[in-house]
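A.B. asks: My structure is in data17.cif, and what it holds is mmCIF, C-alpha atoms:
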data_run
#
loop_
_atom_site.group_PDB
_atom_site.id
_atom_site.type_symbol
_atom_site.label_atom_id
_atom_site.label_comp_id
_atom_site.auth_asym_id
_atom_site.auth_seq_id
_atom_site.Cartn_x
_atom_site.Cartn_y
_atom_site.Cartn_z
ATOM 1 C CA MET A 1 -5.653 8.710 -1.007
ATOM 2 C CA SER A 2 -5.103 8.220 2.731
ATOM 3 C CA GLU A 3 -2.943 11.346 3.167
ATOM 4 C CA PRO A 4 -4.846 14.180 1.424
ATOM 5 C CA LEU A 5 -2.186 16.821 2.062
ATOM 6 C CA THR A 6 0.338 14.741 0.081
ATOM 7 C CA TYR A 7 -1.788 14.735 -3.110
ATOM 8 C CA PRO A 8 -1.011 13.983 -5.944
ATOM 9 C CA GLY A 9 1.285 11.413 -4.367
ATOM 10 C CA ARG A 10 4.778 10.242 -5.177
ATOM 11 C CA LEU A 11 5.521 10.607 -8.888
ATOM 12 C CA PRO A 12 8.198 8.480 -10.571
ATOM 13 C CA PRO A 13 11.601 9.966 -11.417
ATOM 14 C CA GLY A 14 11.262 8.960 -15.057
ATOM 15 C CA ALA A 15 9.884 6.388 -17.463
ATOM 16 C CA GLY A 16 9.037 2.984 -16.093
ATOM 17 C CA LEU A 17 6.695 0.052 -15.880
ATOM 18 C CA LEU A 18 4.310 -0.452 -12.984
ATOM 19 C CA ALA A 19 4.104 -4.225 -12.680
ATOM 20 C CA ASP A 20 2.155 -5.835 -9.843
ATOM 21 C CA GLY A 21 3.293 -3.399 -7.166
ATOM 22 C CA ARG A 22 6.830 -2.846 -8.461
ATOM 23 C CA PHE A 23 8.030 0.114 -10.518
ATOM 24 C CA LEU A 24 10.735 -0.873 -13.005
ATOM 25 C CA PRO A 25 12.734 2.029 -14.510
ATOM 26 C CA MET A 26 12.691 2.039 -18.287
ATOM 27 C CA SER A 27 15.086 3.384 -20.905
ATOM 28 C CA GLU A 28 13.073 4.744 -23.817
ATOM 29 C CA GLU A 29 13.892 4.065 -27.446
ATOM 30 C CA ALA A 30 13.001 6.062 -30.537
ATOM 31 C CA GLY A 31 10.478 4.381 -32.778
ATOM 32 C CA ALA A 32 8.861 2.433 -29.953
ATOM 33 C CA LEU A 33 6.170 5.044 -29.067
ATOM 34 C CA GLY A 34 6.372 4.596 -25.339
ATOM 35 C CA GLY A 35 8.420 1.432 -25.459
ATOM 36 C CA GLY A 36 11.995 0.724 -24.438
ATOM 37 C CA ARG A 37 13.899 -1.616 -22.186
ATOM 38 C CA VAL A 38 13.303 -2.547 -18.550
ATOM 39 C CA ARG A 39 15.313 -4.424 -15.914
ATOM 40 C CA PRO A 40 12.927 -6.839 -14.122
ATOM 41 C CA GLY A 41 15.797 -8.564 -12.343
ATOM 42 C CA ASP A 42 19.414 -8.998 -13.333
ATOM 43 C CA ARG A 43 18.532 -8.840 -17.032
ATOM 44 C CA VAL A 44 17.669 -5.980 -19.377
ATOM 45 C CA VAL A 45 14.799 -6.895 -21.688
ATOM 46 C CA ARG A 46 12.615 -5.191 -24.232
ATOM 47 C CA LEU A 47 9.420 -3.772 -22.754
ATOM 48 C CA ALA A 48 7.415 -5.556 -25.435
ATOM 49 C CA ASP A 49 8.935 -8.902 -24.464
ATOM 50 C CA HIS A 50 8.393 -8.301 -20.749
ATOM 51 C CA LEU A 51 4.752 -7.317 -21.269
ATOM 52 C CA GLU A 52 4.265 -10.517 -23.240
ATOM 53 C CA SER A 53 5.928 -12.594 -20.507
ATOM 54 C CA LEU A 54 3.518 -11.067 -17.978
ATOM 55 C CA GLY A 55 0.527 -11.833 -20.155
ATOM 56 C CA ALA A 56 -0.198 -8.107 -20.406
ATOM 57 C CA GLY A 57 -1.467 -6.202 -23.414
ATOM 58 C CA PRO A 58 1.118 -4.980 -25.952
ATOM 59 C CA MET A 59 1.869 -1.283 -26.468
ATOM 60 C CA GLU A 60 0.018 -1.156 -29.771
ATOM 61 C CA ALA A 61 -3.201 -2.194 -27.981
ATOM 62 C CA ARG A 62 -2.846 0.467 -25.286
ATOM 63 C CA HIS A 63 -4.324 3.963 -24.986
ATOM 64 C CA PRO A 64 -2.050 6.898 -24.074
ATOM 65 C CA VAL A 65 -3.592 9.175 -21.439
ATOM 66 C CA VAL A 66 -1.930 12.363 -20.181
ATOM 67 C CA ALA A 67 -1.988 12.446 -16.358
ATOM 68 C CA VAL A 68 -2.172 15.886 -14.733
ATOM 69 C CA GLY A 69 -2.728 14.671 -11.155
ATOM 70 C CA SER A 70 -2.493 11.484 -9.126
ATOM 71 C CA ASN A 71 -2.927 9.197 -12.142
ATOM 72 C CA ALA A 72 0.804 9.757 -12.679
ATOM 73 C CA ALA A 73 1.578 8.242 -9.255
ATOM 74 C CA PRO A 74 2.280 4.491 -9.509
ATOM 75 C CA GLY A 75 0.911 3.910 -6.006
ATOM 76 C CA GLN A 76 -2.402 5.526 -6.918
ATOM 77 C CA LEU A 77 -2.660 3.556 -10.155
ATOM 78 C CA HIS A 78 -1.943 0.331 -8.265
ATOM 79 C CA ARG A 79 -4.746 1.094 -5.785
ATOM 80 C CA LYS A 80 -7.236 2.022 -8.505
ATOM 81 C CA PHE A 81 -6.596 -1.039 -10.658
ATOM 82 C CA THR A 82 -6.492 -3.590 -7.846
ATOM 83 C CA ALA A 83 -9.719 -2.152 -6.380
ATOM 84 C CA ALA A 84 -11.356 -2.639 -9.783
ATOM 85 C CA GLY A 85 -10.041 -6.190 -10.121
ATOM 86 C CA VAL A 86 -7.763 -5.171 -12.987
ATOM 87 C CA ARG A 87 -4.153 -6.276 -13.107
ATOM 88 C CA PRO A 88 -1.859 -3.272 -12.460
ATOM 89 C CA VAL A 89 0.647 -3.612 -15.301
ATOM 90 C CA VAL A 90 1.043 -0.251 -17.029
ATOM 91 C CA PRO A 91 3.929 1.709 -18.608
ATOM 92 C CA LEU A 92 4.429 5.407 -17.777
ATOM 93 C CA THR A 93 6.533 7.737 -19.902
ATOM 94 C CA PRO A 94 7.338 11.440 -19.477
ATOM 95 C CA ALA A 95 6.246 13.760 -22.265
ATOM 96 C CA THR A 96 6.236 17.434 -23.101
ATOM 97 C CA VAL A 97 2.609 18.520 -23.478
ATOM 98 C CA HIS A 98 2.192 21.799 -25.325
ATOM 99 C CA GLY A 99 -0.636 24.132 -24.310
ATOM 100 C CA VAL A 100 -1.604 22.215 -21.170
ATOM 101 C CA ALA A 101 -0.646 22.489 -17.499
ATOM 102 C CA PRO A 102 -2.032 21.078 -14.237
ATOM 103 C CA GLY A 103 -4.579 23.453 -12.709
ATOM 104 C CA VAL A 104 -6.977 22.897 -9.802
ATOM 105 C CA SER A 105 -10.532 21.641 -10.180
ATOM 106 C CA ALA A 106 -13.208 23.768 -8.476
ATOM 107 C CA HIS A 107 -14.383 21.025 -6.150
ATOM 108 C CA VAL A 108 -13.217 19.154 -3.068
ATOM 109 C CA SER A 109 -12.762 15.432 -3.509
ATOM 110 C CA ARG A 110 -14.364 12.883 -1.210
ATOM 111 C CA ASN A 111 -10.855 12.200 0.077
ATOM 112 C CA ALA A 112 -10.568 15.857 1.148
ATOM 113 C CA TYR A 113 -8.039 17.271 -1.298
ATOM 114 C CA LEU A 114 -8.247 19.796 -4.134
ATOM 115 C CA PRO A 115 -7.774 17.655 -7.243
ATOM 116 C CA ALA A 116 -5.912 18.598 -10.394
ATOM 117 C CA ALA A 117 -7.567 19.516 -13.684
ATOM 118 C CA PRO A 118 -5.902 20.488 -16.970
ATOM 119 C CA ILE A 119 -5.828 24.148 -17.982
ATOM 120 C CA ARG A 120 -4.813 25.906 -21.178
ATOM 121 C CA VAL A 121 -1.439 27.657 -21.087
ATOM 122 C CA ALA A 122 0.791 29.414 -23.574
ATOM 123 C CA GLY A 123 3.820 27.192 -22.930
ATOM 124 C CA ALA A 124 4.439 23.522 -22.296
ATOM 125 C CA SER A 125 4.557 21.184 -19.296
ATOM 126 C CA LEU A 126 6.482 18.022 -18.532
ATOM 127 C CA LEU A 127 3.824 15.455 -17.625
ATOM 128 C CA PHE A 128 3.423 11.691 -17.686
ATOM 129 C CA VAL A 129 1.622 9.597 -20.258
ATOM 130 C CA VAL A 130 -0.028 6.488 -18.817
ATOM 131 C CA TRP A 131 -0.378 3.633 -21.331
ATOM 132 C CA VAL A 132 -3.517 1.671 -20.384
ATOM 133 C CA ASP A 133 -5.257 -1.295 -21.931
ATOM 134 C CA ASP A 134 -9.020 -1.471 -22.449
ATOM 135 C CA ALA A 135 -9.812 -2.807 -18.956
ATOM 136 C CA GLN A 136 -7.511 -0.282 -17.275
ATOM 137 C CA LEU A 137 -9.047 2.567 -19.251
ATOM 138 C CA ALA A 138 -12.536 1.518 -18.151
ATOM 139 C CA ALA A 139 -11.299 1.358 -14.548
ATOM 140 C CA LEU A 140 -9.841 4.876 -14.766
ATOM 141 C CA ASP A 141 -13.060 6.201 -16.277
ATOM 142 C CA ALA A 142 -15.015 4.763 -13.360
ATOM 143 C CA THR A 143 -12.797 6.560 -10.827
ATOM 144 C CA GLU A 144 -13.189 9.965 -12.491
ATOM 145 C CA PRO A 145 -16.864 10.951 -11.949
ATOM 146 C CA ASN A 146 -16.011 14.667 -12.027
ATOM 147 C CA TYR A 147 -14.102 14.514 -15.306
ATOM 148 C CA LEU A 148 -14.694 13.891 -18.972
ATOM 149 C CA ARG A 149 -12.090 11.975 -20.944
ATOM 150 C CA LEU A 150 -11.387 14.047 -24.027
ATOM 151 C CA PRO A 151 -8.987 13.692 -26.965
ATOM 152 C CA LEU A 152 -6.050 16.085 -27.190
ATOM 153 C CA PRO A 153 -5.903 17.197 -30.833
ATOM 154 C CA PRO A 154 -2.229 16.843 -31.842
ATOM 155 C CA GLY A 155 -2.460 19.997 -33.946
ATOM 156 C CA SER A 156 -3.446 22.106 -30.928
ATOM 157 C CA PHE A 157 -1.939 20.187 -28.000
ATOM 158 C CA PRO A 158 0.986 18.099 -29.263
ATOM 159 C CA VAL A 159 2.330 15.474 -26.871
ATOM 160 C CA THR A 160 6.035 14.847 -27.499
ATOM 161 C CA LEU A 161 7.916 11.950 -25.925
ATOM 162 C CA SER A 162 11.487 12.285 -24.678
ATOM 163 C CA THR A 163 12.599 10.507 -27.862
ATOM 164 C CA GLY A 164 11.288 13.458 -29.894
ATOM 165 C CA GLU A 165 8.313 11.583 -31.302
ATOM 166 C CA THR A 166 4.858 13.175 -31.210
ATOM 167 C CA LEU A 167 1.928 10.942 -30.324
ATOM 168 C CA PRO A 168 -0.660 10.700 -33.116
ATOM 169 C CA SER A 169 -3.456 10.548 -30.534
ATOM 170 C CA CYS A 170 -3.845 10.979 -26.787
ATOM 171 C CA HIS A 171 -6.538 11.611 -24.159
ATOM 172 C CA VAL A 172 -6.811 13.655 -20.975
ATOM 173 C CA TYR A 173 -9.386 13.887 -18.185
ATOM 174 C CA ALA A 174 -10.908 17.407 -18.305
ATOM 175 C CA GLY A 175 -12.663 18.776 -15.232
ATOM 176 C CA MET A 176 -16.450 19.180 -15.279
ATOM 177 C CA HIS A 177 -16.600 21.899 -12.609
ATOM 178 C CA GLY A 178 -14.288 24.569 -13.967
ATOM 179 C CA CYS A 179 -11.093 25.556 -12.188
ATOM 180 C CA LEU A 180 -9.989 27.625 -9.239
ATOM 181 C CA VAL A 181 -8.636 31.055 -10.188
ATOM 182 C CA ASP A 182 -6.470 33.736 -8.599
ATOM 183 C CA GLU A 183 -7.449 37.295 -7.717
ATOM 184 C CA GLU A 184 -7.038 38.337 -11.357
ATOM 185 C CA GLY A 185 -9.252 35.516 -12.610
ATOM 186 C CA GLU A 186 -6.395 33.450 -14.020
ATOM 187 C CA PRO A 187 -6.483 29.686 -13.380
ATOM 188 C CA LEU A 188 -4.374 28.584 -10.444
ATOM 189 C CA ARG A 189 -1.543 26.157 -11.106
ATOM 190 C CA LEU A 190 -1.428 22.941 -9.130
ATOM 191 C CA ALA A 191 0.728 23.359 -6.003
ATOM 192 C CA PRO A 192 1.236 21.414 -2.770
ATOM 193 C CA GLN A 193 -2.059 20.970 -0.937
ATOM 194 C CA PRO A 194 -1.100 22.933 2.208
ATOM 195 C CA GLU A 195 -0.200 25.896 0.009
ATOM 196 C CA LEU A 196 -3.380 25.707 -2.077
ATOM 197 C CA ILE A 197 -5.717 25.223 0.859
ATOM 198 C CA GLY A 198 -4.009 27.933 2.886
ATOM 199 C CA HIS A 199 -4.341 30.348 -0.029
ATOM 200 C CA LEU A 200 -8.088 29.719 -0.341
ATOM 201 C CA LEU A 201 -8.731 29.964 3.393
ATOM 202 C CA ALA A 202 -6.896 33.297 3.492
ATOM 203 C CA ARG A 203 -9.108 34.643 0.696
ATOM 204 C CA SER A 204 -12.507 33.640 2.094
ATOM 205 C CA ALA A 205 -13.948 34.203 5.587
ATOM 206 C CA ASN A 206 -16.923 32.014 4.660
ATOM 207 C CA LEU A 207 -14.597 29.198 3.683
ATOM 208 C CA ARG A 208 -12.806 29.537 7.025
ATOM 209 C CA ARG A 209 -16.144 29.308 8.843
ATOM 210 C CA LEU A 210 -16.910 26.146 6.906
ATOM 211 C CA PHE A 211 -13.519 24.437 7.094
ATOM 212 C CA GLY A 212 -11.472 26.099 9.843
ATOM 213 C CA ARG A 213 -8.263 28.092 9.597
ATOM 214 C CA THR A 214 -5.635 25.483 8.720
ATOM 215 C CA PRO A 215 -5.137 22.871 5.998
ATOM 216 C CA GLU A 216 -5.376 20.162 8.656
ATOM 217 C CA GLU A 217 -8.777 21.447 9.830
ATOM 218 C CA PHE A 218 -9.863 21.687 6.191
ATOM 219 C CA VAL A 219 -9.088 18.002 5.637
ATOM 220 C CA THR A 220 -10.854 16.911 8.819
ATOM 221 C CA ARG A 221 -14.049 18.809 8.026
ATOM 222 C CA ALA A 222 -14.007 17.940 4.300
ATOM 223 C CA ARG A 223 -14.076 14.254 5.192
ATOM 224 C CA ARG A 224 -17.240 14.571 7.275
ATOM 225 C CA ASP A 225 -19.987 14.543 4.652
ATOM 226 C CA ASP A 226 -20.998 15.375 1.091
ATOM 227 C CA GLY A 227 -22.873 18.487 2.241
ATOM 228 C CA THR A 228 -19.723 20.223 3.459
ATOM 229 C CA ARG A 229 -17.896 19.553 0.206
ATOM 230 C CA GLU A 230 -20.879 20.665 -1.868
ATOM 231 C CA ALA A 231 -21.098 23.869 0.159
ATOM 232 C CA ALA A 232 -17.453 24.530 -0.700
ATOM 233 C CA HIS A 233 -18.202 23.977 -4.389
ATOM 234 C CA ALA A 234 -20.969 26.594 -4.217
ATOM 235 C CA LEU A 235 -18.747 29.027 -2.301
ATOM 236 C CA PHE A 236 -15.979 28.723 -4.870
ATOM 237 C CA ARG A 237 -18.351 30.067 -7.503
ATOM 238 C CA SER A 238 -20.274 32.632 -5.466
ATOM 239 C CA GLU A 239 -17.112 34.284 -4.134
ATOM 240 C CA GLY A 240 -15.200 34.359 -7.410
ATOM 241 C CA LEU A 241 -12.688 31.726 -6.371
ATOM 242 C CA ALA A 242 -13.572 29.634 -9.410
ATOM 243 C CA ASP A 243 -14.454 30.080 -13.056
ATOM 244 C CA PRO A 244 -16.977 27.477 -14.326
ATOM 245 C CA GLY A 245 -15.680 27.982 -17.872
ATOM 246 C CA ALA A 246 -12.005 27.687 -17.023
ATOM 247 C CA GLY A 247 -10.093 24.555 -17.789
ATOM 248 C CA LEU A 248 -9.069 22.644 -20.849
ATOM 249 C CA ALA A 249 -12.598 22.093 -22.094
ATOM 250 C CA GLY A 250 -13.235 25.848 -22.468
ATOM 251 C CA GLU A 251 -16.998 26.063 -22.304
ATOM 252 C CA PRO A 252 -18.172 23.991 -19.333
ATOM 253 C CA PRO A 253 -19.942 20.773 -20.354
ATOM 254 C CA ARG A 254 -23.572 20.364 -19.386
ATOM 255 C CA PRO A 255 -23.574 18.777 -15.914
ATOM 256 C CA PRO A 256 -25.675 15.733 -15.069
ATOM 257 C CA ALA A 257 -28.936 16.178 -13.189
ATOM 258 C CA ARG A 258 -27.032 16.101 -9.903
ATOM 259 C CA GLN A 259 -23.391 17.101 -9.969
ATOM 260 C CA ARG A 260 -21.139 14.380 -8.673
ATOM 261 C CA LEU A 261 -18.526 15.483 -6.162
ATOM 262 C CA GLY A 262 -17.052 12.092 -5.471
ATOM 263 C CA ARG A 263 -13.762 10.346 -5.492
ATOM 264 C CA SER A 264 -11.449 12.543 -7.531
#
Mind turning the file's structure into C-alpha cells?

C.D. replies:
Amino acid sequence: MSEPLTYPGRLPPGAGLLADGRFLPMSEEAGALGGGRVRPGDRVVRLADHLESLGAGPMEARHPVVAVGSNAAPGQLHRKFTAAGVRPVVPLTPATVHGVAPGVSAHVSRNAYLPAAPIRVAGASLLFVVWVDDAQLAALDATEPNYLRLPLPPGSFPVTLSTGETLPSCHVYAGMHGCLVDEEGEPLRLAPQPELIGHLLARSANLRRLFGRTPEEFVTRARRDDGTREAAHALFRSEGLADPGAGLAGEPPRPPARQRLGRS
C-alpha cells in the first residue's frame, strides 16, 4: 500500500464483482450464497453467467474468506492478484459476522502501517466476504506471512449474508503476533491510522524516540528497515501495549524460528 496512513484502503459501498480492474455493483439474491446479478455494461446478468463468460471459476468452486482489513479493498486485491500472476476476478459480499471485529495486530507492516487482525467480541460486525478460487486463495496466503488462515466455526462465529443465509463454512486470517490493547488491557478496535499511531505514540516515550512524534514521522521511520519495525514489535510487548494471547486465535500459535514481520 503506497499510502500507509490510508490503510485499509477504499472499501466498496456494497456487494460487487472485482473484474480485471473494474468493480461492478451486485444485487444479491437469496439461495445463491454470495451470488446475484451484476451490470457489466448496459445489461443485467446473473453473476454465475458473467463469471462463466469471463472464464472465471464458479461460486461453488470458491472459498469464502472474511476480510477484516485491506483484503476487503478491491484495489488491494487487484494489486495482490496481478502481482502473483493471478487473474483478479473475485466477488465480494457484505456479511454480519458474529463474535468477530477488526482489531490491530501487534506488529508494524513492511509498508509502515498497523495492520488489522480479528478479535473476539460480544456483538457482531458488518464485514466483507471475499470469494476466491484456489489460485487466488494461494496468492492471499502468500501475502499474509504474519497470519494463519483459520476456519470460523459456524456454531461459534456465524457469518450471515444480507439475504439472511448463514455460510456453512468460512475462513479468516488470524494474527500470529497478538493484538494491541488499551490501558485496561482490552484489544483495540481498528481505527484510522493517524488516530491509532497517534494514540500509541502518546502512550510510549520509547516509541516516540524510535519513530518520532507524529504519524507522518512514524511512517517515514518504519519504512527504513526491518530492525526498526522489529524493535517496535518488542516494545509493544515490553510496555504492555500488546497482548500476545489476544486476537481471534486465543492462545498464540507457536511462532516460526524467526518471526516474520513482512508485508501485512

A.B. asks: Which residues are near stretch 176-192 of chain A? Cut-off 8 Å, only C-alpha atoms, ignore same chain within fewer than 3 positions. Put them as an NGL selection string.

C.D. replies: :A and (5-7 or 101-107 or 116-117 or 119 or 146-148 or 195-196 or 236 or 240-247 or 252-253 or 255)

A.B. asks: What residues come out when you apply the PyMOL selection byres ((chain A and resi 73) around 12) to this file, written as a PyMOL selection string?

C.D. replies: chain A and resi 1+6-18+21+23+67-72+74-80+90-93+127-130

A.B. asks: What gap, in Å, lies between atom CA of A:Thr96 and atom CA of A:Gly34?

C.D. replies: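 Between atom CA of A:Thr96 and atom CA of A:Gly34 the gap is 13.0 Å.
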
A.B. asks: Go through A:Leu152, A:Ala231, A:Leu248, A:Leu24 and flag the residue nearest A:Pro118, using only C-alpha atoms for the distances.

C.D. replies: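 Using only C-alpha atoms, the shortest distance to A:Pro118 belongs to A:Leu248.
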
A.B. asks: Using the chain letters and numbering of this document, enumerate as a list in words the residues selected by the PyMOL selection byres ((chain A and resi 132) around 8).

C.D. replies: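 Output of the PyMOL selection byres ((chain A and resi 132) around 8): Arg62, His63, Pro64, Val65, Val90, Pro91, Val130, Trp131, Asp133, Asp134, Ala135, Gln136 and Leu137 of chain A.
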
A.B. asks: Name every residue that the PyMOL selection byres ((chain A and resi 156-172) around 6) selects in this structure, writing the answer as a ChimeraX atom specification with chains first and numbers rising.

C.D. replies: /A:30,64-66,95-99,149-155,173

A.B. asks: Pick out the closest residue to A:Tyr113 from this set: A:Arg223, A:Arg87, A:Arg22, A:Arg237. Count all atoms listed in the file.

C.D. replies: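 Selected residue with least distance to A:Tyr113: A:Arg223.
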
A.B. asks: How far is it from atom CA of A:His50 to atom CA of A:Ala83, in Å with one decimal?

C.D. replies: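 Separation between atom CA of A:His50 and atom CA of A:Ala83: 23.9 Å.
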
A.B. asks: Quick one: axis-aligned box around all listed atoms of stretch 206-211 of chain A, 5 Å on every side, centre and edge lengths in Å to one decimal, written as AutoDock Vina command-line options.

C.D. replies:
--center_x -14.9 --center_y 28.2 --center_z 6.3 --size_x 14.1 --size_y 17.6 --size_z 15.2

A.B. asks: Using all atoms listed in the file, which of the listed residues (A:Glu239, A:Leu201, A:Pro25, A:Ala19) sits closest to A:Ser53?

C.D. replies: A:Ala19

A.B. asks: Write out as a PyMOL selection string each polymer residue whose atoms come within 12 Å of A:Thr214, counting all atoms listed in the file; drop sequence neighbours fewer than 6 positions from it.

C.D. replies: chain A and resi 5+193-202+207-208+220-221

A.B. asks: Write the residues of the preceding selection, restricted to C-alpha atoms, as a short mmCIF file (atom, residue, chain, number, x, y, z; two decimals), in the frame of the given file.

C.D. replies:
data_model
loop_
_atom_site.label_atom_id
_atom_site.label_comp_id
_atom_site.auth_asym_id
_atom_site.auth_seq_id
_atom_site.Cartn_x
_atom_site.Cartn_y
_atom_site.Cartn_z
CA LEU A 5 -2.19 16.82 2.06
CA GLN A 193 -2.06 20.97 -0.94
CA PRO A 194 -1.10 22.93 2.21
CA GLU A 195 -0.20 25.90 0.01
CA LEU A 196 -3.38 25.71 -2.08
CA ILE A 197 -5.72 25.22 0.86
CA GLY A 198 -4.01 27.93 2.89
CA HIS A 199 -4.34 30.35 -0.03
CA LEU A 200 -8.09 29.72 -0.34
CA LEU A 201 -8.73 29.96 3.39
CA ALA A 202 -6.90 33.30 3.49
CA LEU A 207 -14.60 29.20 3.68
CA ARG A 208 -12.81 29.54 7.02
CA THR A 220 -10.85 16.91 8.82
CA ARG A 221 -14.05 18.81 8.03
#

A.B. asks: Taking only C-alpha atoms into account, which of A:Leu235, A:Ala222, A:Leu54, A:Val121 comes nearest A:Val108?

C.D. replies: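 Answer, going by the shortest atom-to-atom distance: A:Ala222.
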
A.B. asks: To one decimal place in Å, what is the distance between atom CA of A:Ser2 and atom CA of A:Asp225?

C.D. replies: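 For atom CA of A:Ser2 relative to atom CA of A:Asp225, the distance reads 16.3 Å.
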
A.B. asks: Will you give me stretch 95-102 of chain A, written with all heavy atoms and laid out as a compact mmCIF listing (two decimals), in the first residue's frame?

C.D. replies:
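Ended up saving to selection-v6.txt:
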# COMPACT_ATOMS: atom_id res chain seq x y z
N ALA A 95 -21.39 -9.11 4.96
CA ALA A 95 -21.96 -10.13 5.84
C ALA A 95 -21.87 -9.66 7.28
O ALA A 95 -20.96 -8.91 7.65
CB ALA A 95 -21.24 -11.47 5.66
N THR A 96 -22.81 -10.12 8.08
CA THR A 96 -22.75 -9.88 9.51
C THR A 96 -21.99 -11.04 10.14
O THR A 96 -22.39 -12.20 10.00
CB THR A 96 -24.16 -9.79 10.11
OG1 THR A 96 -24.86 -8.71 9.48
CG2 THR A 96 -24.10 -9.54 11.61
N VAL A 97 -20.88 -10.72 10.80
CA VAL A 97 -20.03 -11.76 11.40
C VAL A 97 -20.17 -11.64 12.91
O VAL A 97 -19.80 -10.63 13.51
CB VAL A 97 -18.56 -11.59 10.98
CG1 VAL A 97 -17.71 -12.73 11.53
CG2 VAL A 97 -18.45 -11.53 9.45
N HIS A 98 -20.72 -12.67 13.52
CA HIS A 98 -20.99 -12.65 14.96
C HIS A 98 -19.76 -13.09 15.74
O HIS A 98 -19.12 -14.09 15.41
CB HIS A 98 -22.18 -13.56 15.28
CG HIS A 98 -23.44 -13.13 14.61
ND1 HIS A 98 -24.34 -12.27 15.19
CD2 HIS A 98 -23.94 -13.43 13.38
CE1 HIS A 98 -25.35 -12.06 14.36
NE2 HIS A 98 -25.14 -12.74 13.26
N GLY A 99 -19.41 -12.30 16.77
CA GLY A 99 -18.30 -12.65 17.64
C GLY A 99 -16.95 -12.20 17.17
O GLY A 99 -15.94 -12.50 17.81
N VAL A 100 -16.88 -11.47 16.07
CA VAL A 100 -15.60 -11.06 15.48
C VAL A 100 -15.66 -9.58 15.12
O VAL A 100 -16.69 -9.08 14.65
CB VAL A 100 -15.27 -11.88 14.22
CG1 VAL A 100 -14.01 -11.35 13.53
CG2 VAL A 100 -15.10 -13.35 14.56
N ALA A 101 -14.56 -8.88 15.35
CA ALA A 101 -14.43 -7.48 14.93
C ALA A 101 -12.99 -7.23 14.50
O ALA A 101 -12.07 -7.97 14.89
CB ALA A 101 -14.81 -6.53 16.06
N PRO A 102 -12.74 -6.21 13.70
CA PRO A 102 -11.37 -5.87 13.32
C PRO A 102 -10.62 -5.22 14.49
O PRO A 102 -11.02 -4.17 14.99
CB PRO A 102 -11.55 -4.87 12.17
CG PRO A 102 -12.96 -5.04 11.71
CD PRO A 102 -13.73 -5.42 12.93
